[in-house]
Every structure is written in C-alpha cells, then in structure tokens.
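Engineer: Handing you this structure, nothing more for now.
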Amino acid sequence: MDLKHLHIISMGLLLCGLLGFASCDHESLGPSEEEDNSVFLTFHTDVAGGSTRAEDEKPADEKINQLLIVIVSEEPAATEEGTKWVVEYNRLIESASTGVSLIDGHNFKVKAGCKKRIYLIANGKGLKDADGNPLDFTNEAFAATGSEGKAKADDYVFALPSDLDNGIPMTAMYEVSIPSKKDLQNDSQYDSQNDSYKLLETLYVVRAATKFSFTFTNAIQSITKNITIKKIAIDQIADKAYLMPHVNKNSDNKYWVADTEQKSAVPLDKSWIDWMVDEAEKTKEGNNIDKYQWLTDYEVPEGVQHAIAEHEIKEELTIAPSKSAGTEFYLPESQNLISGDNPLKLQEYKLSVTTLDEGSIHENVYTAILPQLASLFRNTHVKVNVTFKEYGLDWEVDVEPYWEVVLEPIFGL
C-alpha cells in the first residue's frame, strides 16, 4: 500500500460574525477631509494557494462571499495605560452570487505616520463561538491597549459550522507602518498624483479549517459486487479552534518549520504566510518545493478536546465495479502531538473507513495510521485515494498543495 503525501499552504483570513455584520460599515473614525496628515492606503487581497480563475469559476473553498476589512491605527499614549489601537475603518464588502472580486483592490484614507493593523475576515456570516453565541465584530472587538496589546478578536474561538453555506471561514491580520506625510514624498511606494501609499505585497487570507477529500475506486475483479461507503472517521480532531492563526516563533524571534526527513527545525527568513505562499507558487509553476517541511508550532485554544470526528455519508455512496466515487468534508484545525520526546511538535492521525459489501449484512472497518501526516494546521487539504482490491485496500494520501511524500501506514482490517 502506497501512501503519498503532499502538503498544503496556509494563510490567514479572519471571519465575520453575524453580530459584526450588523455594524461593519462604520467609518466615522477615518481621517476627516480637512486633515492634512492623511494618505490613501491601497492594497490587494487574495486567498492563499488560490487559483487564478474568474470568481464565478472558483470552487467553494476559494470563494469569498463576504469580506470584512478592519483597519486599526496605533495612537500615541494618552494615558498611563499606554499606546491605544483605535479603529479607523470597519467595512463589510458583500458580493453577488459570484463572490467578492479581488481584482480591483482596496483603497482607504488613513492617518499617516503610524502603525496599522489590517484585519481580513471572510465568510464569517453567522459564525458562533464554542458556546453558540454570535461573534462580535463591532469596533470594540478590535480596539486594544499597549504596543503589543491584543484585541478581543485576536483570541476568538469558534466552532466550525456543520453546513458552511456561507462559505469557508478565512482569516488574517497584518501589521504595516505608514510613513509620515513628510517622509512619504521620498518613498517609492507613494504616488503623489493620487496621494496614495501602495502596499507592494498582496495581503492573503487563509482558510480557518482543514479539508479532507476521499476518492474510492472498486477494482475487485474476481467477483462483481458493489461496495457502499457507510462512514469515514478521523481520530483526534479538535472540537474548536482559534479564529485567527496563533503561530509561534523560536528563541531567535523567527518562524520555523519542521523538516521530517532531516529531523530538524528550519528557521524562516520571512513570515510563515509568505513561506506558504511561496511554496504554493512553486507547485503552480512546476518547480521543486521544500519536501517534508511542516508548520507545527502553533497554538490551539485552552480546553480544546480532541476526539474521533465521524463523517456520516448523507447520500448513499455506492461504488460499482471498475467505477470511482468520492466525498469531501471540512474539519477544525487540530494538533494531536506524538507522545514522548517531540521537540519538532510532530503529530499523528488515524483514518477509518466503514464499508458494506453487496449481499452482506456485516460491515467492514479499514484503518490506517498516517505517521507522516505531521500537522493539521489550518488550510491543509488531505486527499485520500482508496482502491478496493481482492486482498484489501490500497491507500494513497496527498497533502496539498506543495509536495509529495510516499507513506507506508500501519494498515489492517
């Protein structure tokens, strides 16, 4: 049995709750028309690892149905509490059925000469916390105190909706510094004609969930029988996750990834988001990628419970001889660490598939340990190809989108 392993790219997007949507388009805190120390901030957004297809041609897990953009400005200390982060814009962009267009970019008149936090929250309509309460995305949720102060939204925990009718939640937050009005005149990113300061790098958003895709093939030739898939289960899946990604740095203040082939930690010379986007682009261009590298050092919420997540097949999934059929579903970001000495924070997961053969009343349960599926960080896409043969099953597992590793899991009936 060969198990192949590819890995996926992750990026951050923030989700919008129903409560936040009710008051998302408040921009009264933006600079006034008379204010001299202002500039138009311009930037583009995109989905990490997304395709270049038109919005109406994109798959559901790439489409943005609503995009909340919150810009928060760092203000000088006015009290003993220290620096304050004040919301300048809280704008909701909604789309028609084709999804929010990301081609034109975004333009906001902001105060110059200070640091900004740009929150991107996509497909958050109706999003709720682990207790079932709607998440609040009004201005108060993004205000903070202190230069490193956290906003309430930074630590939001949510339960992944079961239907996802409003789209896949995606989140990200970027910090950028805008030069003062005086310094802008000599800045290459400043367009004096339009009085605009353009961010050169795209601001990406990441799916705040993991995706599992299964394809089943009936290759049994000795007898002719249909095989019905009854249930799929993945062990040690979290019951809730952070809305925003919580990625840690090493002692040198750098992000890092685990190399499972060299069994070493590889420090990054860029942000983890940029690293993931670069890896995705390598795959699209057909170039070599960094095999065996996984982002493993991230946080899951306090009190999170890891248990078996079962995907019940709602519509009968029966595979005729020499035919194939499939199903897919989404699960929360998880972190099932391998016990013992584990400085790289590697993880392990087990898949189980329950089937019923035509003419039988007894179900079969097939299981496989996937020892090289080293992380279930958000935005990971696990592809499992299962082939039924006379002697049992062949499993092939790809983790998209940027590399391929042959796996040999422990397998049995």
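Going by the structure tokens order, chains are called A, B, ..., each with residues numbered from 1, while ligands are numbered from 1 in the order shown.
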List as a list in words the protein and nucleic acid residues near A:Val365, meaning an atom at most 8 Å away when only C-alpha atoms are counted, but skip any in the same chain fewer than 6 places from it.
Structural biologist: Ser352, Val353, Thr354, Thr355 and Leu413 of chain A
Engineer: Just list as a compact mmCIF listing (two decimals) with all heavy atoms, in the first residue's frame whatever in stretch 164-332 of chain A DSSP marks as helix (DSSP H, G or I).
Structural biologist:
```txt
# COMPACT_ATOMS: atom_id res chain seq x y z
N LYS A 181 3.65 62.07 6.62
CA LYS A 181 3.37 62.80 5.38
C LYS A 181 4.64 63.37 4.78
O LYS A 181 4.83 63.37 3.55
CB LYS A 181 2.38 63.92 5.68
CG LYS A 181 1.69 64.49 4.45
CD LYS A 181 0.70 63.50 3.86
CE LYS A 181 -0.09 64.14 2.73
NZ LYS A 181 -1.07 63.22 2.16
N LYS A 182 5.53 63.83 5.63
CA LYS A 182 6.80 64.40 5.15
C LYS A 182 7.67 63.33 4.49
O LYS A 182 8.23 63.54 3.41
CB LYS A 182 7.54 65.05 6.31
CG LYS A 182 8.89 65.63 5.93
CD LYS A 182 9.58 66.23 7.14
CE LYS A 182 10.96 66.77 6.77
NZ LYS A 182 11.66 67.35 7.95
N ASP A 183 7.78 62.17 5.14
CA ASP A 183 8.64 61.10 4.62
C ASP A 183 8.05 60.43 3.38
O ASP A 183 8.77 59.80 2.61
CB ASP A 183 8.89 60.06 5.70
CG ASP A 183 9.73 60.61 6.85
OD1 ASP A 183 10.48 61.58 6.61
OD2 ASP A 183 9.62 60.08 7.97
N LEU A 184 6.76 60.52 3.21
CA LEU A 184 6.12 59.88 2.06
C LEU A 184 6.64 60.44 0.74
O LEU A 184 6.69 59.72 -0.28
CB LEU A 184 4.61 60.09 2.12
CG LEU A 184 3.81 59.14 3.02
CD1 LEU A 184 2.36 59.61 3.12
CD2 LEU A 184 3.86 57.72 2.49
N TRP A 272 5.59 33.28 8.17
CA TRP A 272 5.08 31.95 7.82
C TRP A 272 4.09 32.03 6.67
O TRP A 272 4.00 31.12 5.84
CB TRP A 272 4.44 31.28 9.03
CG TRP A 272 3.22 31.95 9.57
CD1 TRP A 272 3.16 32.92 10.53
CD2 TRP A 272 1.86 31.71 9.18
NE1 TRP A 272 1.87 33.29 10.76
CE2 TRP A 272 1.04 32.57 9.95
CE3 TRP A 272 1.26 30.86 8.27
CZ2 TRP A 272 -0.34 32.60 9.83
CZ3 TRP A 272 -0.13 30.89 8.14
CH2 TRP A 272 -0.91 31.75 8.92
N ILE A 273 3.37 33.15 6.57
CA ILE A 273 2.41 33.30 5.47
C ILE A 273 3.14 33.41 4.14
O ILE A 273 2.79 32.76 3.16
CB ILE A 273 1.52 34.54 5.71
CG1 ILE A 273 0.56 34.28 6.86
CG2 ILE A 273 0.74 34.88 4.45
CD1 ILE A 273 -0.36 35.44 7.17
N ASP A 274 4.19 34.24 4.12
CA ASP A 274 4.97 34.38 2.88
C ASP A 274 5.60 33.05 2.47
O ASP A 274 5.66 32.72 1.28
CB ASP A 274 6.06 35.44 3.05
CG ASP A 274 5.49 36.84 3.14
OD1 ASP A 274 4.34 37.04 2.68
OD2 ASP A 274 6.17 37.73 3.67
N TRP A 275 6.08 32.29 3.44
CA TRP A 275 6.68 30.98 3.14
C TRP A 275 5.65 30.06 2.49
O TRP A 275 5.92 29.41 1.48
CB TRP A 275 7.22 30.35 4.42
CG TRP A 275 7.62 28.92 4.29
CD1 TRP A 275 8.76 28.44 3.70
CD2 TRP A 275 6.89 27.78 4.73
NE1 TRP A 275 8.78 27.07 3.76
CE2 TRP A 275 7.65 26.64 4.38
CE3 TRP A 275 5.67 27.60 5.39
CZ2 TRP A 275 7.21 25.34 4.68
CZ3 TRP A 275 5.25 26.33 5.68
CH2 TRP A 275 6.01 25.21 5.32
N MET A 276 4.45 30.03 3.04
CA MET A 276 3.41 29.16 2.50
C MET A 276 3.00 29.58 1.09
O MET A 276 2.79 28.75 0.21
CB MET A 276 2.20 29.15 3.42
CG MET A 276 2.47 28.45 4.74
SD MET A 276 1.02 28.49 5.81
CE MET A 276 1.56 27.30 7.05
N VAL A 277 2.88 30.88 0.89
CA VAL A 277 2.50 31.36 -0.44
C VAL A 277 3.59 31.02 -1.46
O VAL A 277 3.30 30.60 -2.58
CB VAL A 277 2.25 32.88 -0.40
CG1 VAL A 277 2.06 33.43 -1.81
CG2 VAL A 277 1.02 33.19 0.44
N ASP A 278 4.86 31.19 -1.06
CA ASP A 278 5.97 30.85 -1.96
C ASP A 278 5.93 29.38 -2.33
O ASP A 278 6.18 29.00 -3.49
CB ASP A 278 7.31 31.19 -1.30
CG ASP A 278 7.53 32.70 -1.21
OD1 ASP A 278 6.79 33.44 -1.88
OD2 ASP A 278 8.43 33.11 -0.45
N GLU A 279 5.63 28.52 -1.37
CA GLU A 279 5.58 27.08 -1.65
C GLU A 279 4.45 26.76 -2.62
O GLU A 279 4.60 25.93 -3.52
CB GLU A 279 5.40 26.31 -0.34
CG GLU A 279 6.60 26.35 0.57
CD GLU A 279 7.83 25.74 -0.08
OE1 GLU A 279 7.83 24.53 -0.34
OE2 GLU A 279 8.78 26.48 -0.35
N ALA A 280 3.33 27.43 -2.45
CA ALA A 280 2.19 27.20 -3.35
C ALA A 280 2.53 27.62 -4.77
O ALA A 280 2.18 26.95 -5.75
CB ALA A 280 0.96 27.95 -2.85
N GLU A 281 3.21 28.75 -4.89
CA GLU A 281 3.58 29.24 -6.22
C GLU A 281 4.55 28.30 -6.90
O GLU A 281 4.50 28.10 -8.12
CB GLU A 281 4.19 30.64 -6.10
CG GLU A 281 3.18 31.71 -5.72
CD GLU A 281 2.02 31.80 -6.70
OE1 GLU A 281 2.27 31.76 -7.92
OE2 GLU A 281 0.87 31.88 -6.24
N LYS A 282 5.45 27.69 -6.14
CA LYS A 282 6.39 26.72 -6.72
C LYS A 282 5.63 25.56 -7.35
O LYS A 282 5.96 25.08 -8.43
CB LYS A 282 7.34 26.18 -5.65
CG LYS A 282 8.34 27.19 -5.13
CD LYS A 282 9.20 26.54 -4.05
CE LYS A 282 10.15 27.54 -3.42
NZ LYS A 282 10.95 26.93 -2.33
N THR A 283 4.60 25.11 -6.66
CA THR A 283 3.81 23.99 -7.18
C THR A 283 3.10 24.38 -8.47
O THR A 283 3.08 23.62 -9.44
CB THR A 283 2.77 23.56 -6.13
OG1 THR A 283 3.44 23.20 -4.93
CG2 THR A 283 1.96 22.37 -6.62
N LYS A 284 2.51 25.58 -8.50
CA LYS A 284 1.81 26.03 -9.70
C LYS A 284 2.75 26.12 -10.89
O LYS A 284 2.38 25.85 -12.03
CB LYS A 284 1.18 27.40 -9.45
CG LYS A 284 0.05 27.40 -8.44
CD LYS A 284 -0.47 28.81 -8.23
CE LYS A 284 -1.53 28.86 -7.15
NZ LYS A 284 -2.00 30.25 -6.91
```
Engineer: Residues of stretch 333-374 of chain A in strand (DSSP E) according to DSSP, as a list of chain:residue names?
Structural biologist: A:Tyr349, A:Lys350, A:Leu351, A:Ser352, A:Val353, A:Thr354, A:Thr355, A:Leu356, A:Asp357, A:Glu363, A:Asn364, A:Val365, A:Tyr366, A:Thr367, A:Ala368, A:Ile369, A:Leu370
Engineer: Find the spatial neighbours of stretch 157-171 of chain A, counting only C-alpha atoms, within a cut-off of 8 Å - ignore same-chain residues fewer than 4 positions away - and output them as a count of residues only.
Structural biologist: 38
Engineer: Find the spatial neighbours of A:His106, counting only C-alpha atoms, within a cut-off of 9 Å - ignore same-chain residues fewer than 4 positions away - and output them as JSON, numbers by chain.
Structural biologist: {"A": [41, 42, 43, 44, 45, 102]}
Engineer: Please provide the set of residues having any atom within 12 Å of stretch 344-349 of chain A, restricted to only C-alpha atoms, with same-chain residues fewer than 3 positions apart removed, written as number ranges by chain.
Structural biologist: A: 233-238, 248, 250, 256-266, 292-299, 306-309, 334-341, 352, 367-377, 382, 409-410
Engineer: Take the residues that were just selected and, keeping N, CA and C atoms, output them as a short mmCIF file (atom, residue, chain, number, x, y, z; two decimals), in the first residue's frame.
Structural biologist:
```
data_model
loop_
_atom_site.label_atom_id
_atom_site.label_comp_id
_atom_site.auth_asym_id
_atom_site.auth_seq_id
_atom_site.Cartn_x
_atom_site.Cartn_y
_atom_site.Cartn_z
N ALA A 233 -14.02 8.15 9.48
CA ALA A 233 -13.68 8.73 10.78
C ALA A 233 -12.21 9.10 10.82
N ILE A 234 -11.92 10.26 11.40
CA ILE A 234 -10.54 10.69 11.64
C ILE A 234 -10.39 10.89 13.13
N ASP A 235 -9.41 10.24 13.69
CA ASP A 235 -9.22 10.28 15.14
C ASP A 235 -8.43 11.51 15.56
N GLN A 236 -8.71 12.01 16.77
CA GLN A 236 -8.01 13.10 17.42
C GLN A 236 -8.16 14.44 16.68
N ILE A 237 -9.41 14.79 16.40
CA ILE A 237 -9.74 16.07 15.78
C ILE A 237 -10.30 17.02 16.85
N ALA A 238 -9.88 18.27 16.81
CA ALA A 238 -10.30 19.26 17.81
C ALA A 238 -11.77 19.62 17.66
N ASN A 248 3.69 30.38 16.58
CA ASN A 248 4.77 30.77 17.48
C ASN A 248 6.08 31.02 16.74
N ASN A 250 10.53 31.05 17.29
CA ASN A 250 11.55 30.39 18.11
C ASN A 250 12.26 31.42 18.99
N TRP A 256 9.41 29.09 12.17
CA TRP A 256 10.19 27.93 11.75
C TRP A 256 9.25 26.80 11.31
N VAL A 257 9.80 25.86 10.55
CA VAL A 257 9.06 24.68 10.13
C VAL A 257 9.86 23.43 10.48
N ALA A 258 9.18 22.32 10.64
CA ALA A 258 9.83 21.05 10.96
C ALA A 258 10.13 20.29 9.67
N ASP A 259 11.37 19.84 9.52
CA ASP A 259 11.77 19.00 8.39
C ASP A 259 11.79 17.55 8.88
N THR A 260 10.82 16.76 8.43
CA THR A 260 10.70 15.39 8.93
C THR A 260 11.73 14.44 8.33
N GLU A 261 12.35 14.83 7.21
CA GLU A 261 13.39 13.99 6.63
C GLU A 261 14.71 14.20 7.36
N GLN A 262 15.08 15.45 7.59
CA GLN A 262 16.33 15.76 8.30
C GLN A 262 16.14 15.74 9.81
N LYS A 263 14.88 15.65 10.25
CA LYS A 263 14.56 15.66 11.69
C LYS A 263 15.16 16.90 12.36
N SER A 264 14.87 18.05 11.77
CA SER A 264 15.42 19.29 12.29
C SER A 264 14.42 20.42 12.14
N ALA A 265 14.65 21.49 12.91
CA ALA A 265 13.84 22.70 12.81
C ALA A 265 14.52 23.66 11.85
N VAL A 266 13.77 24.16 10.88
CA VAL A 266 14.31 25.05 9.85
C VAL A 266 13.76 26.46 10.08
N TYR A 292 8.89 17.62 2.84
CA TYR A 292 8.90 17.17 4.23
C TYR A 292 8.83 18.30 5.26
N GLN A 293 8.57 19.53 4.85
CA GLN A 293 8.52 20.63 5.80
C GLN A 293 7.08 20.92 6.20
N TRP A 294 6.90 21.09 7.51
CA TRP A 294 5.57 21.27 8.08
C TRP A 294 5.59 22.40 9.11
N LEU A 295 4.54 23.19 9.12
CA LEU A 295 4.37 24.17 10.18
C LEU A 295 3.68 23.47 11.35
N THR A 296 4.39 23.30 12.44
CA THR A 296 3.87 22.52 13.57
C THR A 296 3.74 23.32 14.85
N ASP A 297 4.43 24.47 14.94
CA ASP A 297 4.45 25.22 16.20
C ASP A 297 3.37 26.30 16.19
N TYR A 298 2.17 25.88 16.52
CA TYR A 298 1.04 26.80 16.61
C TYR A 298 0.20 26.42 17.81
N GLU A 299 -0.68 27.32 18.21
CA GLU A 299 -1.48 27.11 19.41
C GLU A 299 -2.90 26.70 19.06
N HIS A 306 -9.79 16.78 21.85
CA HIS A 306 -9.53 16.04 20.62
C HIS A 306 -10.23 14.69 20.72
N ALA A 307 -11.00 14.36 19.70
CA ALA A 307 -11.77 13.11 19.71
C ALA A 307 -11.96 12.65 18.27
N ILE A 308 -12.68 11.53 18.12
CA ILE A 308 -12.96 11.00 16.79
C ILE A 308 -14.02 11.86 16.11
N ALA A 309 -13.69 12.32 14.91
CA ALA A 309 -14.66 13.07 14.11
C ALA A 309 -15.20 12.15 13.03
N SER A 334 -6.36 21.15 14.03
CA SER A 334 -6.14 20.27 15.18
C SER A 334 -4.66 20.14 15.47
N GLN A 335 -4.35 19.50 16.61
CA GLN A 335 -2.95 19.33 16.99
C GLN A 335 -2.81 18.12 17.92
N ASN A 336 -2.74 16.94 17.34
CA ASN A 336 -2.57 15.71 18.11
C ASN A 336 -1.08 15.35 18.14
N LEU A 337 -0.39 15.82 19.17
CA LEU A 337 1.07 15.65 19.25
C LEU A 337 1.42 14.20 19.56
N ILE A 338 2.50 13.73 18.91
CA ILE A 338 3.04 12.41 19.23
C ILE A 338 3.62 12.46 20.64
N SER A 339 3.32 11.47 21.45
CA SER A 339 3.78 11.47 22.84
C SER A 339 5.28 11.21 22.92
N GLY A 340 5.86 11.57 24.06
CA GLY A 340 7.29 11.35 24.27
C GLY A 340 8.12 12.55 23.85
N ASP A 341 9.41 12.32 23.65
CA ASP A 341 10.33 13.39 23.25
C ASP A 341 9.98 13.84 21.84
N SER A 352 -10.25 5.91 9.45
CA SER A 352 -11.02 4.67 9.42
C SER A 352 -12.13 4.82 8.39
N THR A 367 -8.62 0.61 8.64
CA THR A 367 -7.93 1.69 9.36
C THR A 367 -6.51 1.84 8.85
N ALA A 368 -5.99 3.05 8.97
CA ALA A 368 -4.60 3.31 8.58
C ALA A 368 -4.04 4.43 9.45
N ILE A 369 -2.88 4.19 10.03
CA ILE A 369 -2.13 5.23 10.73
C ILE A 369 -1.31 5.99 9.68
N LEU A 370 -1.38 7.31 9.73
CA LEU A 370 -0.64 8.13 8.78
C LEU A 370 0.50 8.84 9.51
N PRO A 371 1.62 8.16 9.72
CA PRO A 371 2.68 8.70 10.57
C PRO A 371 3.36 9.92 10.00
N GLN A 372 3.29 10.14 8.69
CA GLN A 372 3.97 11.29 8.11
C GLN A 372 3.02 12.46 7.82
N LEU A 373 1.77 12.33 8.20
CA LEU A 373 0.89 13.49 8.18
C LEU A 373 1.20 14.27 9.45
N ALA A 374 2.21 15.11 9.36
CA ALA A 374 2.85 15.65 10.55
C ALA A 374 2.16 16.86 11.14
N SER A 375 1.12 17.38 10.48
CA SER A 375 0.44 18.56 11.01
C SER A 375 -0.93 18.71 10.37
N LEU A 376 -1.89 19.16 11.18
CA LEU A 376 -3.20 19.54 10.66
C LEU A 376 -3.44 21.01 10.96
N PHE A 377 -2.46 21.84 10.57
CA PHE A 377 -2.60 23.28 10.65
C PHE A 377 -3.68 23.73 9.67
N VAL A 382 -6.11 17.38 2.76
CA VAL A 382 -5.67 15.99 2.73
C VAL A 382 -6.51 15.25 1.69
N PRO A 409 1.62 3.49 5.84
CA PRO A 409 0.98 3.45 7.16
C PRO A 409 0.77 2.03 7.66
N ILE A 410 0.59 1.94 8.98
CA ILE A 410 0.15 0.66 9.56
C ILE A 410 -1.28 0.46 9.09
#
```
Engineer: What lies within 10 Å of A:Val39 using only C-alpha atoms, ignoring chain neighbours under 4 positions off, as a PyMOL selection string?
Structural biologist: chain A and resi 31+35+107-113+178-181+184+190-192+194-197
Engineer: Can I get the selected residues back with C-alpha atoms, as a PDB file, in the first residue's frame?
Structural biologist:
```
ATOM      1  CA  PRO A  31      -9.442  60.884   8.840  1.00  0.00           C
ATOM      2  CA  GLU A  35      -6.945  66.587   7.933  1.00  0.00           C
ATOM      3  CA  ASN A 107      -8.459  51.993  -1.047  1.00  0.00           C
ATOM      4  CA  PHE A 108      -8.811  53.670   2.382  1.00  0.00           C
ATOM      5  CA  LYS A 109      -7.998  57.220   3.501  1.00  0.00           C
ATOM      6  CA  VAL A 110      -5.994  56.742   6.720  1.00  0.00           C
ATOM      7  CA  LYS A 111      -3.838  58.715   9.110  1.00  0.00           C
ATOM      8  CA  ALA A 112      -0.174  58.761   8.051  1.00  0.00           C
ATOM      9  CA  GLY A 113       2.872  58.374  10.282  1.00  0.00           C
ATOM     10  CA  ILE A 178       2.755  54.101   7.137  1.00  0.00           C
ATOM     11  CA  PRO A 179       5.453  56.810   6.826  1.00  0.00           C
ATOM     12  CA  SER A 180       4.684  60.345   7.933  1.00  0.00           C
ATOM     13  CA  LYS A 181       3.368  62.796   5.380  1.00  0.00           C
ATOM     14  CA  LEU A 184       6.123  59.880   2.057  1.00  0.00           C
ATOM     15  CA  TYR A 190       3.959  56.753  -2.626  1.00  0.00           C
ATOM     16  CA  ASP A 191       2.001  58.064  -5.607  1.00  0.00           C
ATOM     17  CA  SER A 192       1.947  61.843  -5.196  1.00  0.00           C
ATOM     18  CA  ASN A 194      -3.170  60.275  -6.284  1.00  0.00           C
ATOM     19  CA  ASP A 195      -1.854  60.855  -2.749  1.00  0.00           C
ATOM     20  CA  SER A 196      -1.764  57.083  -2.209  1.00  0.00           C
ATOM     21  CA  TYR A 197       0.577  54.706  -0.415  1.00  0.00           C
TER      22      TYR A 197
END
```
